[in-house]
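Take a look at the structure below.
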Amino acid sequence: MADSKLNLPEFEEGDDTTVVAPTSVGLGTHTAAGLGGFKDFCLKPELGRAITENGFEHPSEVQHQAIPKAMLGTDILAQAKAGMGKTAVFVFALLEQIAPSSTGVQAVVVAHARELAHQILKEFERFNKYLPHCTAKAFYGGVDVSQDLKVLKESPPAIVIGTPGRLSLLVQKKHIDLKNVKYFVIDEFDQCLSDVRMRRDVQEVFLATPREKQVLMFSATMTKELRQVALKFMNKPTEILVDSMSKLTLHGLTQFYIDTPEAGKMRALCTLLDKVEFNQVIVFTRSVERCSVLCDQLRKMSFPAAAIHSMMTQPERLAVYESCKKNETRIIVATDLFGRGIDIDKINLVIQFDMASEADTYLHRVGRAGRFGTKGLTVAFITQDELEVKRGGVARKYKDADVMKEVQDRFELKVHPLTDIATQLDHSMYMNQ
């Protein structure tokens, strides 16, 4: 085996409404077994047919609670664990409500990352097969804006999906007409609204739409502060909380950590990749440069890895994403660009080569495995070093062990130390039979 030491340098990744008391829909559970199927929602036959053809039978808890409310035009603020099918809620609700007789843009869906916007577009395309008027297009950075203008001029879609920056640009330049928008969706709203620049862009797009519209927001995590921010965009929303924040653990997900010095991480990673059976694995790093260097190291050691991070061109990023979706790439090395919302159903192993710097980030990362009731395994590498992260120009110091303690205290879960793979791990823990 090659030398286990790996010199990975640091690099930061770039990339007036009154609050009305919401209606709360209690706390649910992770499963909707016994609650009926999608047929019980009385969806359009065309939509119901597409849902059946895509193998959807029974809704998850968040789908069971949110879809009927969303179809009635109610504003929705939904927080549910990763992998519970939140995207399907607004996809189905919009496809059900988009009017065939109207022209122009009727719905705007905001996503924090280009890959997530692309993924959401693919979900609409999966289910609008028999609804030709429900056209959808995605707009995001890394693509020449002239291509966007051509699409908007020749065939303006009914549903616009995009990242805050690109949508804001199109609004500022008056390239997109949002005066007929009836539905406004923010996926991973905590990410979109916690970043000052993104929030500004989201507000600009929001204000370009009519005052009267339905607003839907979704995320796996939600702080009290961001809840208050989200409510300012909404009118008498129904809040849907599937499991309390303290219970936000993924069923079927086995979680471990490994205490290791920085110099021992590479050896620990190679041991896991050699000895743990997996369909696909995602390895998280804390910076663009560490991601690139680690991927190169793995390739030199004959591990067929692919990297994805914000410094890649958009075609390169989408090529890796599509390769992952098709299960052609089995080892993915990523920054937190891939840590939220991205749904690759074959991933059953998540390795945090660099531990998350925050408890919420940890939860989003591990949520890439064990999605929608499937099994998964996560392993986080814990060093004793004091590290520094910069967000919004403000530096914050942290230690891996402190973040792990917060994860276990806050979410009421036990993440056990992994000291002996042979005795502690069994493939039945993380491989679906």
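Ordering of the structure tokens sets the chain letters (A, B, ...); residue numbers start at 1 within each chain; ligands are numbered from 1 in the order shown.
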
Those in range 151-384 of chain A with helix (DSSP H, G or I) from DSSP, as a PyMOL selection string:
chain A and resi 151-154+164-172+189-194+196-207+224-231+245-247+262-275+288-300+314-325+336-338+359-366+371-373

Hey, what's within 7 Å of range 424-433 of chain A if we count only C-alpha atoms and toss same-chain stuff fewer than 6 positions away? As an MDAnalysis selection string, please?
chainID A and resid 254 277 348 374:377

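Using only C-alpha atoms for every distance, the candidate list A:Asp402, A:Glu239, A:Glu322, A:Glu316 yields A:Glu239 as the residue closest to Ala66 in chain A.
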
Pull the strand (DSSP E or B) assignments for range 213-318 of chain A out of DSSP run on the backbone, and list those residues as an mmCIF file with N, CA and C atoms, in the first residue's frame.
```cif
data_model
loop_
_atom_site.group_PDB
_atom_site.id
_atom_site.type_symbol
_atom_site.label_atom_id
_atom_site.label_comp_id
_atom_site.auth_asym_id
_atom_site.auth_seq_id
_atom_site.Cartn_x
_atom_site.Cartn_y
_atom_site.Cartn_z
ATOM 1 N N GLN A 214 -48.516 30.677 -3.626
ATOM 2 C CA GLN A 214 -48.267 29.617 -2.646
ATOM 3 C C GLN A 214 -46.757 29.477 -2.460
ATOM 4 N N VAL A 215 -46.322 29.391 -1.208
ATOM 5 C CA VAL A 215 -44.896 29.254 -0.898
ATOM 6 C C VAL A 215 -44.664 27.936 -0.178
ATOM 7 N N LEU A 216 -43.711 27.164 -0.683
ATOM 8 C CA LEU A 216 -43.375 25.860 -0.109
ATOM 9 C C LEU A 216 -41.887 25.837 0.195
ATOM 10 N N MET A 217 -41.523 25.453 1.424
ATOM 11 C CA MET A 217 -40.112 25.382 1.799
ATOM 12 C C MET A 217 -39.815 24.045 2.472
ATOM 13 N N PHE A 218 -38.643 23.479 2.149
ATOM 14 C CA PHE A 218 -38.285 22.153 2.629
ATOM 15 C C PHE A 218 -36.822 22.100 3.052
ATOM 16 N N SER A 219 -36.542 21.349 4.122
ATOM 17 C CA SER A 219 -35.159 21.095 4.532
ATOM 18 C C SER A 219 -35.134 19.951 5.536
ATOM 19 N N THR A 238 -48.670 25.946 7.016
ATOM 20 C CA THR A 238 -48.753 24.726 7.798
ATOM 21 C C THR A 238 -47.330 24.218 8.000
ATOM 22 N N GLU A 239 -46.932 24.027 9.244
ATOM 23 C CA GLU A 239 -45.611 23.485 9.532
ATOM 24 C C GLU A 239 -45.720 21.982 9.694
ATOM 25 N N ILE A 240 -44.867 21.283 8.980
ATOM 26 C CA ILE A 240 -44.866 19.821 9.040
ATOM 27 C C ILE A 240 -43.502 19.374 9.527
ATOM 28 N N LEU A 241 -43.462 18.832 10.719
ATOM 29 C CA LEU A 241 -42.227 18.390 11.334
ATOM 30 C C LEU A 241 -42.277 16.878 11.491
ATOM 31 N N VAL A 242 -41.518 16.189 10.681
ATOM 32 C CA VAL A 242 -41.495 14.733 10.756
ATOM 33 C C VAL A 242 -40.301 14.321 11.594
ATOM 34 N N LEU A 253 -29.442 3.348 9.349
ATOM 35 C CA LEU A 253 -28.102 3.885 9.162
ATOM 36 C C LEU A 253 -27.234 3.568 10.376
ATOM 37 N N THR A 254 -26.141 2.825 10.152
ATOM 38 C CA THR A 254 -25.196 2.481 11.209
ATOM 39 C C THR A 254 -24.063 3.492 11.195
ATOM 40 N N GLN A 255 -23.759 4.098 12.368
ATOM 41 C CA GLN A 255 -22.808 5.205 12.413
ATOM 42 C C GLN A 255 -21.637 4.906 13.350
ATOM 43 N N PHE A 256 -20.408 5.153 12.840
ATOM 44 C CA PHE A 256 -19.181 4.956 13.609
ATOM 45 C C PHE A 256 -18.257 6.155 13.419
ATOM 46 N N TYR A 257 -17.240 6.227 14.283
ATOM 47 C CA TYR A 257 -16.153 7.167 14.058
ATOM 48 C C TYR A 257 -14.832 6.468 14.347
ATOM 49 N N ILE A 258 -13.752 6.979 13.749
ATOM 50 C CA ILE A 258 -12.411 6.448 13.956
ATOM 51 C C ILE A 258 -11.522 7.579 14.457
ATOM 52 N N ASP A 259 -10.927 7.395 15.640
ATOM 53 C CA ASP A 259 -9.933 8.346 16.137
ATOM 54 C C ASP A 259 -8.631 8.105 15.382
ATOM 55 N N GLN A 280 -21.987 2.103 -3.622
ATOM 56 C CA GLN A 280 -21.294 3.348 -3.931
ATOM 57 C C GLN A 280 -20.910 4.003 -2.617
ATOM 58 N N VAL A 281 -19.807 4.737 -2.645
ATOM 59 C CA VAL A 281 -19.335 5.421 -1.439
ATOM 60 C C VAL A 281 -19.062 6.874 -1.771
ATOM 61 N N ILE A 282 -19.381 7.763 -0.837
ATOM 62 C CA ILE A 282 -19.020 9.160 -0.979
ATOM 63 C C ILE A 282 -18.087 9.526 0.163
ATOM 64 N N VAL A 283 -16.968 10.154 -0.193
ATOM 65 C CA VAL A 283 -15.937 10.534 0.769
ATOM 66 C C VAL A 283 -15.901 12.057 0.851
ATOM 67 N N PHE A 284 -16.220 12.619 2.019
ATOM 68 C CA PHE A 284 -16.295 14.070 2.169
ATOM 69 C C PHE A 284 -14.977 14.665 2.662
ATOM 70 N N ALA A 305 -11.761 6.507 -8.483
ATOM 71 C CA ALA A 305 -12.484 7.601 -7.832
ATOM 72 C C ALA A 305 -12.730 8.750 -8.800
ATOM 73 N N ALA A 306 -13.771 9.527 -8.507
ATOM 74 C CA ALA A 306 -14.071 10.750 -9.246
ATOM 75 C C ALA A 306 -14.341 11.854 -8.236
ATOM 76 N N ALA A 307 -13.868 13.050 -8.537
ATOM 77 C CA ALA A 307 -14.052 14.188 -7.633
ATOM 78 C C ALA A 307 -15.163 15.088 -8.137
ATOM 79 N N ILE A 308 -15.821 15.778 -7.193
ATOM 80 C CA ILE A 308 -16.789 16.808 -7.579
ATOM 81 C C ILE A 308 -16.685 17.951 -6.576
#
```

Within 12 Å of Arg197 in chain A, counting only C-alpha atoms, which residues show up once you throw out same-chain ones fewer than 3 positions away? Write them as number ranges by chain, please.
A: 14-15, 112, 163-165, 168, 191-194, 200-204, 391-393

Selection from above, N, CA and C atoms, as an mmCIF file, in the first residue's frame, can you write it?
```
data_model
loop_
_atom_site.group_PDB
_atom_site.id
_atom_site.type_symbol
_atom_site.label_atom_id
_atom_site.label_comp_id
_atom_site.auth_asym_id
_atom_site.auth_seq_id
_atom_site.Cartn_x
_atom_site.Cartn_y
_atom_site.Cartn_z
ATOM 1 N N GLY A 14 -15.748 28.419 -2.598
ATOM 2 C CA GLY A 14 -16.570 29.540 -2.876
ATOM 3 C C GLY A 14 -17.944 29.178 -3.400
ATOM 4 N N ASP A 15 -18.100 29.079 -3.928
ATOM 5 C CA ASP A 15 -19.283 28.752 -4.769
ATOM 6 C C ASP A 15 -20.448 29.632 -4.245
ATOM 7 N N HIS A 112 -30.015 25.551 -3.798
ATOM 8 C CA HIS A 112 -28.759 26.232 -3.456
ATOM 9 C C HIS A 112 -27.592 25.830 -4.342
ATOM 10 N N THR A 163 -30.643 28.251 -9.391
ATOM 11 C CA THR A 163 -29.886 28.681 -8.227
ATOM 12 C C THR A 163 -30.150 30.167 -7.998
ATOM 13 N N PRO A 164 -30.011 30.633 -6.760
ATOM 14 C CA PRO A 164 -30.343 32.034 -6.461
ATOM 15 C C PRO A 164 -29.607 33.050 -7.323
ATOM 16 N N GLY A 165 -28.291 32.854 -7.517
ATOM 17 C CA GLY A 165 -27.512 33.822 -8.273
ATOM 18 C C GLY A 165 -27.961 33.968 -9.709
ATOM 19 N N SER A 168 -31.513 35.502 -9.916
ATOM 20 C CA SER A 168 -31.449 36.930 -9.605
ATOM 21 C C SER A 168 -30.930 37.718 -10.795
ATOM 22 N N GLN A 191 -30.151 26.368 3.881
ATOM 23 C CA GLN A 191 -28.910 26.722 3.188
ATOM 24 C C GLN A 191 -29.108 28.006 2.380
ATOM 25 N N CYS A 192 -30.225 28.118 1.685
ATOM 26 C CA CYS A 192 -30.476 29.296 0.849
ATOM 27 C C CYS A 192 -30.640 30.564 1.677
ATOM 28 N N LEU A 193 -31.206 30.441 2.872
ATOM 29 C CA LEU A 193 -31.514 31.628 3.665
ATOM 30 C C LEU A 193 -30.464 31.954 4.713
ATOM 31 N N SER A 194 -29.569 31.019 5.008
ATOM 32 C CA SER A 194 -28.532 31.298 6.008
ATOM 33 C C SER A 194 -27.350 32.030 5.395
ATOM 34 N N ARG A 200 -30.153 37.318 -0.158
ATOM 35 C CA ARG A 200 -30.416 38.542 -0.921
ATOM 36 C C ARG A 200 -30.943 38.209 -2.313
ATOM 37 N N ASP A 201 -30.329 37.236 -2.964
ATOM 38 C CA ASP A 201 -30.761 36.844 -4.303
ATOM 39 C C ASP A 201 -32.160 36.225 -4.268
ATOM 40 N N VAL A 202 -32.407 35.390 -3.265
ATOM 41 C CA VAL A 202 -33.731 34.770 -3.133
ATOM 42 C C VAL A 202 -34.794 35.847 -2.945
ATOM 43 N N GLN A 203 -34.506 36.836 -2.100
ATOM 44 C CA GLN A 203 -35.464 37.910 -1.856
ATOM 45 C C GLN A 203 -35.766 38.686 -3.134
ATOM 46 N N GLU A 204 -34.725 38.920 -3.931
ATOM 47 C CA GLU A 204 -34.935 39.671 -5.169
ATOM 48 C C GLU A 204 -35.856 38.916 -6.122
ATOM 49 N N ARG A 391 -16.807 31.310 7.303
ATOM 50 C CA ARG A 391 -18.144 31.431 6.723
ATOM 51 C C ARG A 391 -18.518 32.906 6.728
ATOM 52 N N GLY A 392 -18.810 33.428 5.549
ATOM 53 C CA GLY A 392 -19.176 34.835 5.459
ATOM 54 C C GLY A 392 -18.075 35.766 5.915
ATOM 55 N N GLY A 393 -16.811 35.357 5.727
ATOM 56 C CA GLY A 393 -15.690 36.184 6.100
ATOM 57 C C GLY A 393 -15.322 36.117 7.568
#
```

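Distance-wise, CA of Ile332 in chain A and CA of Asp345 in chain A end up 13.4 Å apart.
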
List the spatial neighbours of Pro132 in chain A as a ChimeraX atom specification - criterion: any atom at most 12 Å away, only C-alpha atoms, same-chain residues fewer than 5 positions off excluded.
/A:46-47,95,98-101,124-127,157-159

Take the residues from that selection and put them in a file with C-alpha atoms, as an mmCIF file, in the first residue's frame.
```
data_model
loop_
_atom_site.group_PDB
_atom_site.id
_atom_site.type_symbol
_atom_site.label_atom_id
_atom_site.label_comp_id
_atom_site.auth_asym_id
_atom_site.auth_seq_id
_atom_site.Cartn_x
_atom_site.Cartn_y
_atom_site.Cartn_z
ATOM 1 C CA GLU A 46 -51.818 11.536 -15.990
ATOM 2 C CA LEU A 47 -49.740 12.205 -12.880
ATOM 3 C CA LEU A 95 -47.637 19.083 -11.528
ATOM 4 C CA ILE A 98 -50.041 23.899 -13.071
ATOM 5 C CA ALA A 99 -52.782 25.173 -15.395
ATOM 6 C CA PRO A 100 -52.725 23.956 -19.018
ATOM 7 C CA SER A 101 -54.391 27.124 -20.301
ATOM 8 C CA PHE A 124 -40.029 16.913 -12.961
ATOM 9 C CA GLU A 125 -39.136 15.215 -16.236
ATOM 10 C CA ARG A 126 -39.759 11.799 -14.666
ATOM 11 C CA PHE A 127 -43.310 12.698 -13.709
ATOM 12 C CA PRO A 157 -41.243 26.909 -19.360
ATOM 13 C CA ALA A 158 -44.151 26.629 -16.936
ATOM 14 C CA ILE A 159 -41.710 25.656 -14.175
#
```

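Once Arg286 in chain A and its same-chain neighbours fewer than 3 positions away are set aside, Arg290, Cys291, Thr335, Asp336, Asp354, Met355 and Ala356 of chain A remain within 8 Å of it when counting only C-alpha atoms.
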
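Ranking A:Ser357, A:Leu226, A:Arg368, A:Lys39 by their shortest atom-to-atom distance to Tyr398 in chain A, with only C-alpha atoms included, puts A:Ser357 first.
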
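For the residues A:Lys346, A:Val145, A:Asp360, A:Met404, ranking by smallest atom-to-atom distance to Pro417 in chain A using only C-alpha atoms places A:Met404 first.
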
For range 67-69 of chain A, find every residue with an atom within 7 Å (counting only C-alpha atoms), except residues of its own chain fewer than 5 positions away, and show them as an MDAnalysis selection string.
chainID A and resid 41 74 89 93

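In this comparison, which uses only C-alpha atoms, the residue of A:Ala334, A:Val151, A:Leu349, A:Ile51 approaching Tyr130 in chain A most closely is A:Ile51.
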
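Across the structure, CA of Thr361 in chain A and CA of Arg396 in chain A are spaced 15.0 Å apart.
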
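Across A:Ser292, A:Gln97, A:Thr87, A:Gln352, the tightest approach to Val109 in chain A is made by A:Thr87 when counting only C-alpha atoms.
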
When you count only C-alpha atoms, which of these residues is closest to Val320 in chain A: A:Phe353, A:Asp274, A:Glu115, A:Leu363?
A:Glu115
